[in-house]
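J.: Hey, dropping query.cif in here, mmCIF, N, CA and C atoms:
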data_target
#
loop_
_atom_site.label_atom_id
_atom_site.label_comp_id
_atom_site.auth_asym_id
_atom_site.auth_seq_id
_atom_site.Cartn_x
_atom_site.Cartn_y
_atom_site.Cartn_z
N GLN A 4 108.71 114.97 87.19
CA GLN A 4 108.78 113.55 87.52
C GLN A 4 109.36 113.38 88.92
N VAL A 5 108.76 112.42 89.63
CA VAL A 5 109.18 112.13 91.01
C VAL A 5 109.74 110.72 91.04
N LEU A 6 110.94 110.56 91.58
CA LEU A 6 111.50 109.22 91.76
C LEU A 6 110.78 108.55 92.92
N LEU A 7 110.23 107.38 92.68
CA LEU A 7 109.50 106.64 93.70
C LEU A 7 110.12 105.26 93.87
N VAL A 8 110.29 104.86 95.11
CA VAL A 8 110.90 103.57 95.42
C VAL A 8 109.98 102.81 96.36
N GLU A 9 109.51 101.64 95.90
CA GLU A 9 108.61 100.82 96.71
C GLU A 9 109.38 99.72 97.43
N SER A 10 108.82 99.27 98.54
CA SER A 10 109.35 98.12 99.26
C SER A 10 108.22 97.48 100.05
N GLY A 11 108.46 96.25 100.52
CA GLY A 11 107.51 95.61 101.42
C GLY A 11 106.71 94.48 100.82
N GLY A 12 106.87 94.22 99.53
CA GLY A 12 106.14 93.12 98.94
C GLY A 12 106.69 91.79 99.39
N GLY A 13 106.00 90.71 98.98
CA GLY A 13 106.46 89.38 99.34
C GLY A 13 105.37 88.35 99.22
N LEU A 14 105.64 87.19 99.78
CA LEU A 14 104.70 86.07 99.78
C LEU A 14 104.02 85.98 101.14
N VAL A 15 102.71 85.89 101.13
CA VAL A 15 101.96 85.81 102.38
C VAL A 15 100.81 84.84 102.20
N GLN A 16 100.41 84.20 103.28
CA GLN A 16 99.28 83.26 103.21
C GLN A 16 97.96 84.02 103.22
N PRO A 17 96.92 83.43 102.68
CA PRO A 17 95.60 84.06 102.74
C PRO A 17 95.23 84.40 104.18
N GLY A 18 94.67 85.58 104.36
CA GLY A 18 94.33 86.06 105.69
C GLY A 18 95.44 86.84 106.35
N GLY A 19 96.63 86.82 105.77
CA GLY A 19 97.77 87.52 106.34
C GLY A 19 97.79 89.00 106.01
N SER A 20 98.87 89.65 106.45
CA SER A 20 99.03 91.09 106.28
C SER A 20 100.40 91.43 105.70
N LEU A 21 100.45 92.54 105.00
CA LEU A 21 101.70 93.12 104.51
C LEU A 21 101.55 94.63 104.56
N ARG A 22 102.68 95.30 104.70
CA ARG A 22 102.68 96.76 104.59
C ARG A 22 103.67 97.18 103.50
N LEU A 23 103.16 97.88 102.52
CA LEU A 23 104.00 98.41 101.46
C LEU A 23 104.40 99.84 101.81
N THR A 24 105.62 100.19 101.44
CA THR A 24 106.13 101.53 101.65
C THR A 24 106.62 102.11 100.33
N CYS A 25 106.31 103.35 100.10
CA CYS A 25 106.81 104.07 98.94
C CYS A 25 107.47 105.35 99.44
N ARG A 26 108.67 105.58 98.99
CA ARG A 26 109.37 106.80 99.41
C ARG A 26 109.80 107.60 98.18
N ALA A 27 109.97 108.89 98.40
CA ALA A 27 110.38 109.81 97.32
C ALA A 27 111.67 110.48 97.76
N PRO A 28 112.80 109.80 97.59
CA PRO A 28 114.05 110.25 98.20
C PRO A 28 114.62 111.54 97.64
N ARG A 29 114.25 111.89 96.42
CA ARG A 29 114.88 113.06 95.79
C ARG A 29 113.93 114.24 95.67
N THR A 30 112.80 114.15 96.36
CA THR A 30 111.79 115.21 96.27
C THR A 30 111.77 116.01 97.56
N ILE A 31 111.74 117.31 97.43
CA ILE A 31 111.67 118.11 98.65
C ILE A 31 110.26 118.00 99.23
N THR A 32 110.16 118.22 100.51
CA THR A 32 108.91 117.97 101.23
C THR A 32 107.74 118.76 100.66
N SER A 33 107.96 120.02 100.36
CA SER A 33 106.86 120.85 99.88
C SER A 33 106.31 120.35 98.55
N VAL A 34 107.18 119.82 97.71
CA VAL A 34 106.74 119.27 96.43
C VAL A 34 105.97 117.97 96.67
N PHE A 35 106.48 117.12 97.55
CA PHE A 35 105.80 115.86 97.87
C PHE A 35 104.40 116.14 98.39
N ASN A 36 104.28 117.14 99.27
CA ASN A 36 102.98 117.45 99.86
C ASN A 36 101.94 117.84 98.82
N GLY A 37 102.38 118.36 97.71
CA GLY A 37 101.46 118.80 96.66
C GLY A 37 100.98 117.70 95.75
N HIS A 38 101.48 116.48 95.96
CA HIS A 38 101.10 115.37 95.10
C HIS A 38 100.03 114.50 95.76
N THR A 39 99.07 114.05 94.96
CA THR A 39 98.21 112.95 95.38
C THR A 39 98.99 111.67 95.16
N MET A 40 99.06 110.85 96.20
CA MET A 40 99.80 109.60 96.12
C MET A 40 98.82 108.45 96.02
N GLY A 41 99.21 107.44 95.26
CA GLY A 41 98.31 106.31 95.09
C GLY A 41 99.06 105.01 94.97
N TRP A 42 98.33 103.95 95.23
CA TRP A 42 98.82 102.60 94.97
C TRP A 42 97.92 101.98 93.89
N TYR A 43 98.56 101.44 92.89
CA TYR A 43 97.88 100.71 91.83
C TYR A 43 98.40 99.28 91.83
N ARG A 44 97.67 98.40 91.18
CA ARG A 44 98.15 97.03 91.05
C ARG A 44 97.80 96.49 89.68
N GLN A 45 98.62 95.55 89.26
CA GLN A 45 98.37 94.90 87.98
C GLN A 45 98.61 93.41 88.14
N ALA A 46 97.54 92.66 88.02
CA ALA A 46 97.64 91.21 88.05
C ALA A 46 97.95 90.68 86.65
N ALA A 47 98.46 89.48 86.60
CA ALA A 47 98.84 88.89 85.32
C ALA A 47 97.63 88.84 84.38
N GLY A 48 97.82 89.38 83.18
CA GLY A 48 96.77 89.35 82.18
C GLY A 48 95.66 90.37 82.37
N LYS A 49 95.82 91.26 83.34
CA LYS A 49 94.79 92.25 83.63
C LYS A 49 95.35 93.67 83.52
N GLN A 50 94.45 94.63 83.43
CA GLN A 50 94.86 96.03 83.37
C GLN A 50 95.24 96.54 84.75
N ARG A 51 96.08 97.54 84.76
CA ARG A 51 96.43 98.18 86.02
C ARG A 51 95.20 98.88 86.58
N GLU A 52 95.00 98.76 87.89
CA GLU A 52 93.84 99.36 88.54
C GLU A 52 94.24 100.11 89.79
N LEU A 53 93.46 101.13 90.10
CA LEU A 53 93.69 101.90 91.32
C LEU A 53 93.26 101.08 92.53
N VAL A 54 94.14 101.01 93.52
CA VAL A 54 93.83 100.35 94.78
C VAL A 54 93.38 101.38 95.82
N ALA A 55 94.19 102.42 95.98
CA ALA A 55 93.88 103.45 96.96
C ALA A 55 94.67 104.70 96.63
N SER A 56 94.14 105.85 97.05
CA SER A 56 94.85 107.10 96.85
C SER A 56 94.65 107.99 98.06
N ILE A 57 95.57 108.96 98.22
CA ILE A 57 95.49 109.89 99.34
C ILE A 57 96.04 111.24 98.88
N THR A 58 95.28 112.29 99.13
CA THR A 58 95.72 113.61 98.74
C THR A 58 96.68 114.17 99.79
N GLY A 59 97.27 115.32 99.49
CA GLY A 59 98.14 115.97 100.45
C GLY A 59 97.40 116.31 101.74
N GLY A 60 96.10 116.56 101.62
CA GLY A 60 95.27 116.83 102.79
C GLY A 60 94.70 115.59 103.42
N ARG A 61 95.17 114.43 102.96
CA ARG A 61 94.81 113.12 103.53
C ARG A 61 93.36 112.71 103.27
N ILE A 62 92.83 113.14 102.15
CA ILE A 62 91.54 112.60 101.71
C ILE A 62 91.84 111.31 100.97
N THR A 63 91.16 110.23 101.37
CA THR A 63 91.47 108.91 100.83
C THR A 63 90.34 108.37 99.95
N LYS A 64 90.74 107.48 99.07
CA LYS A 64 89.80 106.79 98.20
C LYS A 64 90.28 105.37 98.04
N TYR A 65 89.32 104.41 98.00
CA TYR A 65 89.66 103.00 97.90
C TYR A 65 88.83 102.32 96.83
N ALA A 66 89.44 101.31 96.22
CA ALA A 66 88.67 100.43 95.35
C ALA A 66 87.70 99.62 96.21
N ASP A 67 86.56 99.31 95.67
CA ASP A 67 85.56 98.55 96.43
C ASP A 67 86.13 97.22 96.91
N SER A 68 86.99 96.62 96.11
CA SER A 68 87.50 95.29 96.43
C SER A 68 88.42 95.27 97.64
N VAL A 69 88.95 96.43 98.03
CA VAL A 69 89.88 96.46 99.16
C VAL A 69 89.36 97.29 100.33
N ASN A 70 88.25 97.97 100.13
CA ASN A 70 87.71 98.84 101.17
C ASN A 70 87.42 98.03 102.43
N GLY A 71 87.95 98.52 103.55
CA GLY A 71 87.78 97.82 104.82
C GLY A 71 88.90 96.86 105.15
N ARG A 72 89.74 96.56 104.15
CA ARG A 72 90.86 95.64 104.39
C ARG A 72 92.20 96.36 104.27
N PHE A 73 92.28 97.32 103.38
CA PHE A 73 93.52 98.07 103.13
C PHE A 73 93.39 99.49 103.68
N THR A 74 94.52 100.03 104.12
CA THR A 74 94.55 101.41 104.59
C THR A 74 95.75 102.13 104.00
N ILE A 75 95.50 103.25 103.35
CA ILE A 75 96.58 104.07 102.82
C ILE A 75 96.84 105.23 103.77
N SER A 76 98.10 105.57 103.94
CA SER A 76 98.47 106.69 104.79
C SER A 76 99.75 107.32 104.23
N ARG A 77 100.05 108.51 104.72
CA ARG A 77 101.27 109.17 104.27
C ARG A 77 101.90 109.92 105.41
N ASP A 78 103.21 110.02 105.34
CA ASP A 78 104.00 110.81 106.29
C ASP A 78 104.72 111.86 105.45
N ASN A 79 104.18 113.06 105.42
CA ASN A 79 104.74 114.09 104.54
C ASN A 79 106.15 114.50 104.97
N SER A 80 106.43 114.47 106.26
CA SER A 80 107.76 114.88 106.73
C SER A 80 108.83 113.88 106.28
N GLN A 81 108.43 112.61 106.15
CA GLN A 81 109.35 111.56 105.70
C GLN A 81 109.25 111.31 104.20
N LYS A 82 108.29 111.96 103.55
CA LYS A 82 108.07 111.77 102.11
C LYS A 82 107.81 110.30 101.79
N LYS A 83 106.90 109.73 102.58
CA LYS A 83 106.57 108.32 102.40
C LYS A 83 105.06 108.14 102.34
N VAL A 84 104.65 107.11 101.66
CA VAL A 84 103.26 106.71 101.66
C VAL A 84 103.23 105.20 101.90
N TYR A 85 102.22 104.77 102.65
CA TYR A 85 102.13 103.38 103.07
C TYR A 85 100.80 102.77 102.58
N LEU A 86 100.84 101.47 102.41
CA LEU A 86 99.61 100.72 102.17
C LEU A 86 99.62 99.52 103.10
N GLN A 87 98.78 99.58 104.13
CA GLN A 87 98.62 98.47 105.06
C GLN A 87 97.55 97.55 104.49
N MET A 88 97.92 96.31 104.25
CA MET A 88 97.02 95.34 103.64
C MET A 88 96.74 94.20 104.62
N ASN A 89 95.50 94.09 105.03
CA ASN A 89 95.08 93.04 105.96
C ASN A 89 94.09 92.10 105.27
N SER A 90 93.91 90.95 105.87
CA SER A 90 92.95 89.96 105.35
C SER A 90 93.19 89.70 103.86
N LEU A 91 94.43 89.48 103.52
CA LEU A 91 94.79 89.33 102.12
C LEU A 91 94.18 88.07 101.52
N ARG A 92 93.83 88.19 100.24
CA ARG A 92 93.20 87.11 99.49
C ARG A 92 94.04 86.76 98.29
N PRO A 93 93.89 85.56 97.77
CA PRO A 93 94.65 85.20 96.56
C PRO A 93 94.44 86.18 95.41
N GLU A 94 93.26 86.75 95.32
CA GLU A 94 92.98 87.69 94.23
C GLU A 94 93.67 89.04 94.41
N ASP A 95 94.32 89.25 95.55
CA ASP A 95 95.13 90.45 95.74
C ASP A 95 96.53 90.29 95.14
N THR A 96 96.85 89.10 94.67
CA THR A 96 98.14 88.85 94.06
C THR A 96 98.33 89.73 92.82
N ALA A 97 99.42 90.50 92.81
CA ALA A 97 99.67 91.43 91.71
C ALA A 97 101.01 92.13 91.96
N ILE A 98 101.44 92.86 90.95
CA ILE A 98 102.52 93.82 91.16
C ILE A 98 101.86 95.13 91.59
N TYR A 99 102.35 95.68 92.68
CA TYR A 99 101.81 96.91 93.23
C TYR A 99 102.76 98.07 92.90
N TYR A 100 102.18 99.12 92.35
CA TYR A 100 102.94 100.28 91.91
C TYR A 100 102.55 101.52 92.72
N CYS A 101 103.53 102.27 93.11
CA CYS A 101 103.29 103.57 93.73
C CYS A 101 103.17 104.63 92.64
N ASN A 102 102.27 105.57 92.85
CA ASN A 102 102.02 106.63 91.88
C ASN A 102 101.99 107.98 92.58
N ALA A 103 102.56 108.97 91.92
CA ALA A 103 102.46 110.34 92.39
C ALA A 103 101.85 111.17 91.27
N ASN A 104 100.83 111.95 91.59
CA ASN A 104 100.16 112.74 90.57
C ASN A 104 99.99 114.18 91.04
N GLN A 105 100.35 115.09 90.14
CA GLN A 105 100.11 116.50 90.40
C GLN A 105 99.74 117.16 89.09
N ASN A 106 98.59 117.76 89.05
CA ASN A 106 98.10 118.45 87.86
C ASN A 106 98.12 117.56 86.63
N GLY A 107 97.76 116.28 86.84
CA GLY A 107 97.65 115.37 85.72
C GLY A 107 98.94 114.74 85.26
N VAL A 108 100.04 115.07 85.93
CA VAL A 108 101.34 114.49 85.57
C VAL A 108 101.62 113.34 86.53
N ASP A 109 101.85 112.15 85.96
CA ASP A 109 102.08 110.94 86.75
C ASP A 109 103.55 110.56 86.84
N SER A 110 103.94 110.07 88.00
CA SER A 110 105.22 109.41 88.17
C SER A 110 104.94 108.04 88.77
N TRP A 111 105.76 107.04 88.39
CA TRP A 111 105.54 105.67 88.82
C TRP A 111 106.80 105.07 89.42
N GLY A 112 106.59 104.21 90.41
CA GLY A 112 107.68 103.40 90.92
C GLY A 112 107.88 102.17 90.05
N GLN A 113 108.85 101.37 90.44
CA GLN A 113 109.20 100.19 89.64
C GLN A 113 108.30 99.00 89.94
N GLY A 114 107.55 99.07 91.01
CA GLY A 114 106.62 97.98 91.36
C GLY A 114 107.22 97.00 92.35
N THR A 115 106.35 96.41 93.15
CA THR A 115 106.76 95.38 94.10
C THR A 115 105.72 94.26 94.04
N GLN A 116 106.21 93.03 94.02
CA GLN A 116 105.34 91.86 93.86
C GLN A 116 104.71 91.47 95.19
N VAL A 117 103.41 91.28 95.16
CA VAL A 117 102.68 90.73 96.30
C VAL A 117 102.02 89.44 95.85
N THR A 118 102.33 88.36 96.54
CA THR A 118 101.76 87.06 96.21
C THR A 118 101.05 86.50 97.44
N VAL A 119 99.77 86.20 97.27
CA VAL A 119 98.98 85.64 98.36
C VAL A 119 98.66 84.20 98.00
N SER A 120 99.26 83.28 98.73
CA SER A 120 99.11 81.88 98.40
C SER A 120 99.44 81.01 99.60
N SER A 121 98.75 79.88 99.68
CA SER A 121 99.06 78.93 100.74
C SER A 121 100.07 77.89 100.26
#
Would you mind giving the structure from this file in structure tokens?

T.:
Amino acid sequence: QVLLVESGGGLVQPGGSLRLTCRAPRTITSVFNGHTMGWYRQAAGKQRELVASITGGRITKYADSVNGRFTISRDNSQKKVYLQMNSLRPEDTAIYYCNANQNGVDSWGQGTQVTVSS
């Protein structure tokens, strides 16, 4: 299990931007590098869904709904993963969770609320 701490959520107007940060403060760098990191979100009354993921080798994957608007990146030396969210829409409103996966074992952060509203 990897301790994950998210930050960067908040209230933003439609069309605005936010950057989420997830850090793994108690994980050594080599272990962090071996994990695929991801951002998931869960809107009220809906199932949790994958937003974006990035492997240790920086291969990325995006949900169709965010492709071209969101960018996932990672800094292995800092043990951080980022989600840059641009052109935000009301339907992006959700709790965003950081995920670390290695060999099918998942670790989750506590979540950070993102609200897109005028």

J.: Mind listing whatever residues come within 6.5 Å of the point (102.2, 111.1, 92.5)? Use only N, CA and C atoms, file coordinates, and give them as a list in words.

T.: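 The distance filter leaves exactly His38, Thr39, Met40, Gly41, Asn102, Ala103, Asn104, Gln105, Val108, Asp109 and Ser110 of chain A.
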
J.: Hey, which of A:Thr24, A:Ser121, A:Gln113, A:Pro17 ends up closest to Ser90 in chain A? Count all atoms listed in the file.

T.: A:Pro17

J.: Run the PyMOL selection byres (((chain A and resi 59 and name CA) around 12) and name CA) against the file shown and list the residues it catches, as an MDAnalysis selection string.

T.: chainID A and resid 32:41 56:58 60:63 76:80 82:84 103:105

J.: Would you mind exporting the chosen residues as a PDB file, keeping the file's coordinate frame, restricted to N, CA and C atoms?

T.:
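Produced file result_7.pdb, reproduced below:
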ATOM      1  N   THR A  32     110.160 118.220 100.510  1.00  0.00           N
ATOM      2  CA  THR A  32     108.910 117.970 101.230  1.00  0.00           C
ATOM      3  C   THR A  32     107.740 118.760 100.660  1.00  0.00           C
ATOM      4  N   SER A  33     107.960 120.020 100.360  1.00  0.00           N
ATOM      5  CA  SER A  33     106.860 120.850  99.880  1.00  0.00           C
ATOM      6  C   SER A  33     106.310 120.350  98.550  1.00  0.00           C
ATOM      7  N   VAL A  34     107.180 119.820  97.710  1.00  0.00           N
ATOM      8  CA  VAL A  34     106.740 119.270  96.430  1.00  0.00           C
ATOM      9  C   VAL A  34     105.970 117.970  96.670  1.00  0.00           C
ATOM     10  N   PHE A  35     106.480 117.120  97.550  1.00  0.00           N
ATOM     11  CA  PHE A  35     105.800 115.860  97.870  1.00  0.00           C
ATOM     12  C   PHE A  35     104.400 116.140  98.390  1.00  0.00           C
ATOM     13  N   ASN A  36     104.280 117.140  99.270  1.00  0.00           N
ATOM     14  CA  ASN A  36     102.980 117.450  99.860  1.00  0.00           C
ATOM     15  C   ASN A  36     101.940 117.840  98.820  1.00  0.00           C
ATOM     16  N   GLY A  37     102.380 118.360  97.710  1.00  0.00           N
ATOM     17  CA  GLY A  37     101.460 118.800  96.660  1.00  0.00           C
ATOM     18  C   GLY A  37     100.980 117.700  95.750  1.00  0.00           C
ATOM     19  N   HIS A  38     101.480 116.480  95.960  1.00  0.00           N
ATOM     20  CA  HIS A  38     101.100 115.370  95.100  1.00  0.00           C
ATOM     21  C   HIS A  38     100.030 114.500  95.760  1.00  0.00           C
ATOM     22  N   THR A  39      99.070 114.050  94.960  1.00  0.00           N
ATOM     23  CA  THR A  39      98.210 112.950  95.380  1.00  0.00           C
ATOM     24  C   THR A  39      98.990 111.670  95.160  1.00  0.00           C
ATOM     25  N   MET A  40      99.060 110.850  96.200  1.00  0.00           N
ATOM     26  CA  MET A  40      99.800 109.600  96.120  1.00  0.00           C
ATOM     27  C   MET A  40      98.820 108.450  96.020  1.00  0.00           C
ATOM     28  N   GLY A  41      99.210 107.440  95.260  1.00  0.00           N
ATOM     29  CA  GLY A  41      98.310 106.310  95.090  1.00  0.00           C
ATOM     30  C   GLY A  41      99.060 105.010  94.970  1.00  0.00           C
ATOM     31  N   SER A  56      94.140 105.850  97.050  1.00  0.00           N
ATOM     32  CA  SER A  56      94.850 107.100  96.850  1.00  0.00           C
ATOM     33  C   SER A  56      94.650 107.990  98.060  1.00  0.00           C
ATOM     34  N   ILE A  57      95.570 108.960  98.220  1.00  0.00           N
ATOM     35  CA  ILE A  57      95.490 109.890  99.340  1.00  0.00           C
ATOM     36  C   ILE A  57      96.040 111.240  98.880  1.00  0.00           C
ATOM     37  N   THR A  58      95.280 112.290  99.130  1.00  0.00           N
ATOM     38  CA  THR A  58      95.720 113.610  98.740  1.00  0.00           C
ATOM     39  C   THR A  58      96.680 114.170  99.790  1.00  0.00           C
ATOM     40  N   GLY A  60      96.100 116.560 101.620  1.00  0.00           N
ATOM     41  CA  GLY A  60      95.270 116.830 102.790  1.00  0.00           C
ATOM     42  C   GLY A  60      94.700 115.590 103.420  1.00  0.00           C
ATOM     43  N   ARG A  61      95.170 114.430 102.960  1.00  0.00           N
ATOM     44  CA  ARG A  61      94.810 113.120 103.530  1.00  0.00           C
ATOM     45  C   ARG A  61      93.360 112.710 103.270  1.00  0.00           C
ATOM     46  N   ILE A  62      92.830 113.140 102.150  1.00  0.00           N
ATOM     47  CA  ILE A  62      91.540 112.600 101.710  1.00  0.00           C
ATOM     48  C   ILE A  62      91.840 111.310 100.970  1.00  0.00           C
ATOM     49  N   THR A  63      91.160 110.230 101.370  1.00  0.00           N
ATOM     50  CA  THR A  63      91.470 108.910 100.830  1.00  0.00           C
ATOM     51  C   THR A  63      90.340 108.370  99.950  1.00  0.00           C
ATOM     52  N   SER A  76      98.100 105.570 103.940  1.00  0.00           N
ATOM     53  CA  SER A  76      98.470 106.690 104.790  1.00  0.00           C
ATOM     54  C   SER A  76      99.750 107.320 104.230  1.00  0.00           C
ATOM     55  N   ARG A  77     100.050 108.510 104.720  1.00  0.00           N
ATOM     56  CA  ARG A  77     101.270 109.170 104.270  1.00  0.00           C
ATOM     57  C   ARG A  77     101.900 109.920 105.410  1.00  0.00           C
ATOM     58  N   ASP A  78     103.210 110.020 105.340  1.00  0.00           N
ATOM     59  CA  ASP A  78     104.000 110.810 106.290  1.00  0.00           C
ATOM     60  C   ASP A  78     104.720 111.860 105.450  1.00  0.00           C
ATOM     61  N   ASN A  79     104.180 113.060 105.420  1.00  0.00           N
ATOM     62  CA  ASN A  79     104.740 114.090 104.540  1.00  0.00           C
ATOM     63  C   ASN A  79     106.150 114.500 104.970  1.00  0.00           C
ATOM     64  N   SER A  80     106.430 114.470 106.260  1.00  0.00           N
ATOM     65  CA  SER A  80     107.760 114.880 106.730  1.00  0.00           C
ATOM     66  C   SER A  80     108.830 113.880 106.280  1.00  0.00           C
ATOM     67  N   LYS A  82     108.290 111.960 103.550  1.00  0.00           N
ATOM     68  CA  LYS A  82     108.070 111.770 102.110  1.00  0.00           C
ATOM     69  C   LYS A  82     107.810 110.300 101.790  1.00  0.00           C
ATOM     70  N   LYS A  83     106.900 109.730 102.580  1.00  0.00           N
ATOM     71  CA  LYS A  83     106.570 108.320 102.400  1.00  0.00           C
ATOM     72  C   LYS A  83     105.060 108.140 102.340  1.00  0.00           C
ATOM     73  N   VAL A  84     104.650 107.110 101.660  1.00  0.00           N
ATOM     74  CA  VAL A  84     103.260 106.710 101.660  1.00  0.00           C
ATOM     75  C   VAL A  84     103.230 105.200 101.900  1.00  0.00           C
ATOM     76  N   ALA A 103     102.560 108.970  91.920  1.00  0.00           N
ATOM     77  CA  ALA A 103     102.460 110.340  92.390  1.00  0.00           C
ATOM     78  C   ALA A 103     101.850 111.170  91.270  1.00  0.00           C
ATOM     79  N   ASN A 104     100.830 111.950  91.590  1.00  0.00           N
ATOM     80  CA  ASN A 104     100.160 112.740  90.570  1.00  0.00           C
ATOM     81  C   ASN A 104      99.990 114.180  91.040  1.00  0.00           C
ATOM     82  N   GLN A 105     100.350 115.090  90.140  1.00  0.00           N
ATOM     83  CA  GLN A 105     100.110 116.500  90.400  1.00  0.00           C
ATOM     84  C   GLN A 105      99.740 117.160  89.090  1.00  0.00           C
TER      85      GLN A 105
END

J.: From a DSSP pass on the backbone, collect the residues of chain A flagged as alpha helix (DSSP H) and hand them back as a list in words.

T.: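 Taking chain A and keeping alpha helix (DSSP H) gives Thr32, Ser33, Val34, Phe35 and Asn36 of chain A.
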
J.: So that I can see what lies close to range 21-23 of chain A, please list as a list in words the residues with an atom at most 6 Å from it, counting all atoms listed in the file and leaving out residues fewer than 2 positions away in the same chain.

T.: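 Once the nearby chain positions are removed, what remains is Ser10, Gly11, Gly12, Gly19, Cys25, Val84, Tyr85, Leu86, Gln87, Met88 and Asn89 of chain A.
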
J.: Written as a list in words, what is the full residue list that the PyMOL selection byres ((chain A and resi 46) around 8) yields on the file shown?

T.: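 On this input, the PyMOL selection byres ((chain A and resi 46) around 8) captures Tyr43, Arg44, Gln45, Ala47, Gly48, Lys49, Gln50, Arg51, Glu52, Glu94, Asp95, Thr96, Ala97, Ile98 and Tyr99 of chain A.
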
J.: Quick one: distance from atom N of Thr118 in chain A to CA of Gln4 in chain A in Å, one decimal?

T.: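 That distance, rounded to one decimal, is 27.5 Å.
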
J.: Evaluate the PyMOL selection byres ((chain A and resi 65) around 5) and record the selected residues as a ChimeraX atom specification, following the chain and residue labels used in the document.

T.: /A:54-55,63-64,66-67

J.: Counting only C-alpha atoms, which residue out of A:Gly18, A:Pro28, A:Gly71, A:Gly107 sits closest to Val119 in chain A?

T.: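 So, comparing all the options, the nearest one is A:Gly18.
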
J.: Suppose you want the space between CA of Gly114 in chain A and CA of Arg92 in chain A; what is it in Å?

T.: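 Rounded to one decimal, the two atoms are 19.1 Å apart.
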
J.: Between CA of Val5 in chain A and CA of Ile75 in chain A, measure the distance and give it in Å to one decimal.

T.: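 Going from CA of Val5 in chain A over to CA of Ile75 in chain A covers 19.1 Å.
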
J.: Output as lines of an AutoDock Vina configuration file the centre and edge lengths (Å, one decimal) of the box along x, y and z of the file that holds every listed atom of range 41-49 of chain A after adding 4 Å on each side.

T.:
center_x = 97.0
center_y = 98.1
center_z = 88.7
size_x = 12.4
size_y = 26.6
size_z = 21.1

J.: Mind listing whatever residues come within 6 Å of the point (106.6, 103.6, 97.7)? Use only C-alpha atoms, file coordinates, and give them as a PDB file with N, CA and C atoms, in the frame of the given file.

T.:
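Here's the written file selection_25.pdb:
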ATOM      1  N   LEU A   7     110.230 107.380  92.680  1.00  0.00           N
ATOM      2  CA  LEU A   7     109.500 106.640  93.700  1.00  0.00           C
ATOM      3  C   LEU A   7     110.120 105.260  93.870  1.00  0.00           C
ATOM      4  N   VAL A   8     110.290 104.860  95.110  1.00  0.00           N
ATOM      5  CA  VAL A   8     110.900 103.570  95.420  1.00  0.00           C
ATOM      6  C   VAL A   8     109.980 102.810  96.360  1.00  0.00           C
ATOM      7  N   GLU A   9     109.510 101.640  95.900  1.00  0.00           N
ATOM      8  CA  GLU A   9     108.610 100.820  96.710  1.00  0.00           C
ATOM      9  C   GLU A   9     109.380  99.720  97.430  1.00  0.00           C
ATOM     10  N   THR A  24     105.620 100.190 101.440  1.00  0.00           N
ATOM     11  CA  THR A  24     106.130 101.530 101.650  1.00  0.00           C
ATOM     12  C   THR A  24     106.620 102.110 100.330  1.00  0.00           C
ATOM     13  N   CYS A  25     106.310 103.350 100.100  1.00  0.00           N
ATOM     14  CA  CYS A  25     106.810 104.070  98.940  1.00  0.00           C
ATOM     15  C   CYS A  25     107.470 105.350  99.440  1.00  0.00           C
ATOM     16  N   ARG A  26     108.670 105.580  98.990  1.00  0.00           N
ATOM     17  CA  ARG A  26     109.370 106.800  99.410  1.00  0.00           C
ATOM     18  C   ARG A  26     109.800 107.600  98.180  1.00  0.00           C
ATOM     19  N   CYS A 101     103.530 102.270  93.110  1.00  0.00           N
ATOM     20  CA  CYS A 101     103.290 103.570  93.730  1.00  0.00           C
ATOM     21  C   CYS A 101     103.170 104.630  92.640  1.00  0.00           C
TER      22      CYS A 101
END

J.: I need the residues in range 66-102 of chain A that are strand (DSSP E or B) according to DSSP; give them as a compact mmCIF listing (two decimals) with N, CA and C atoms, keeping the file's coordinate frame.

T.:
# COMPACT_ATOMS: atom_id res chain seq x y z
N ASN A 70 88.25 97.97 100.13
CA ASN A 70 87.71 98.84 101.17
C ASN A 70 87.42 98.03 102.43
N PHE A 73 92.28 97.32 103.38
CA PHE A 73 93.52 98.07 103.13
C PHE A 73 93.39 99.49 103.68
N THR A 74 94.52 100.03 104.12
CA THR A 74 94.55 101.41 104.59
C THR A 74 95.75 102.13 104.00
N ILE A 75 95.50 103.25 103.35
CA ILE A 75 96.58 104.07 102.82
C ILE A 75 96.84 105.23 103.77
N SER A 76 98.10 105.57 103.94
CA SER A 76 98.47 106.69 104.79
C SER A 76 99.75 107.32 104.23
N ARG A 77 100.05 108.51 104.72
CA ARG A 77 101.27 109.17 104.27
C ARG A 77 101.90 109.92 105.41
N ASP A 78 103.21 110.02 105.34
CA ASP A 78 104.00 110.81 106.29
C ASP A 78 104.72 111.86 105.45
N LYS A 83 106.90 109.73 102.58
CA LYS A 83 106.57 108.32 102.40
C LYS A 83 105.06 108.14 102.34
N VAL A 84 104.65 107.11 101.66
CA VAL A 84 103.26 106.71 101.66
C VAL A 84 103.23 105.20 101.90
N TYR A 85 102.22 104.77 102.65
CA TYR A 85 102.13 103.38 103.07
C TYR A 85 100.80 102.77 102.58
N LEU A 86 100.84 101.47 102.41
CA LEU A 86 99.61 100.72 102.17
C LEU A 86 99.62 99.52 103.10
N GLN A 87 98.78 99.58 104.13
CA GLN A 87 98.62 98.47 105.06
C GLN A 87 97.55 97.55 104.49
N MET A 88 97.92 96.31 104.25
CA MET A 88 97.02 95.34 103.64
C MET A 88 96.74 94.20 104.62
N ALA A 97 99.42 90.50 92.81
CA ALA A 97 99.67 91.43 91.71
C ALA A 97 101.01 92.13 91.96
N ILE A 98 101.44 92.86 90.95
CA ILE A 98 102.52 93.82 91.16
C ILE A 98 101.86 95.13 91.59
N TYR A 99 102.35 95.68 92.68
CA TYR A 99 101.81 96.91 93.23
C TYR A 99 102.76 98.07 92.90
N TYR A 100 102.18 99.12 92.35
CA TYR A 100 102.94 100.28 91.91
C TYR A 100 102.55 101.52 92.72
N CYS A 101 103.53 102.27 93.11
CA CYS A 101 103.29 103.57 93.73
C CYS A 101 103.17 104.63 92.64
N ASN A 102 102.27 105.57 92.85
CA ASN A 102 102.02 106.63 91.88
C ASN A 102 101.99 107.98 92.58

J.: From the list A:Ala27, A:Ser68, A:Thr115, A:Leu6, which residue is nearest Gln81 in chain A when using all atoms listed in the file?

T.: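 Looking only at the distances to Gln81 in chain A, the closest residue turns out to be A:Ala27.
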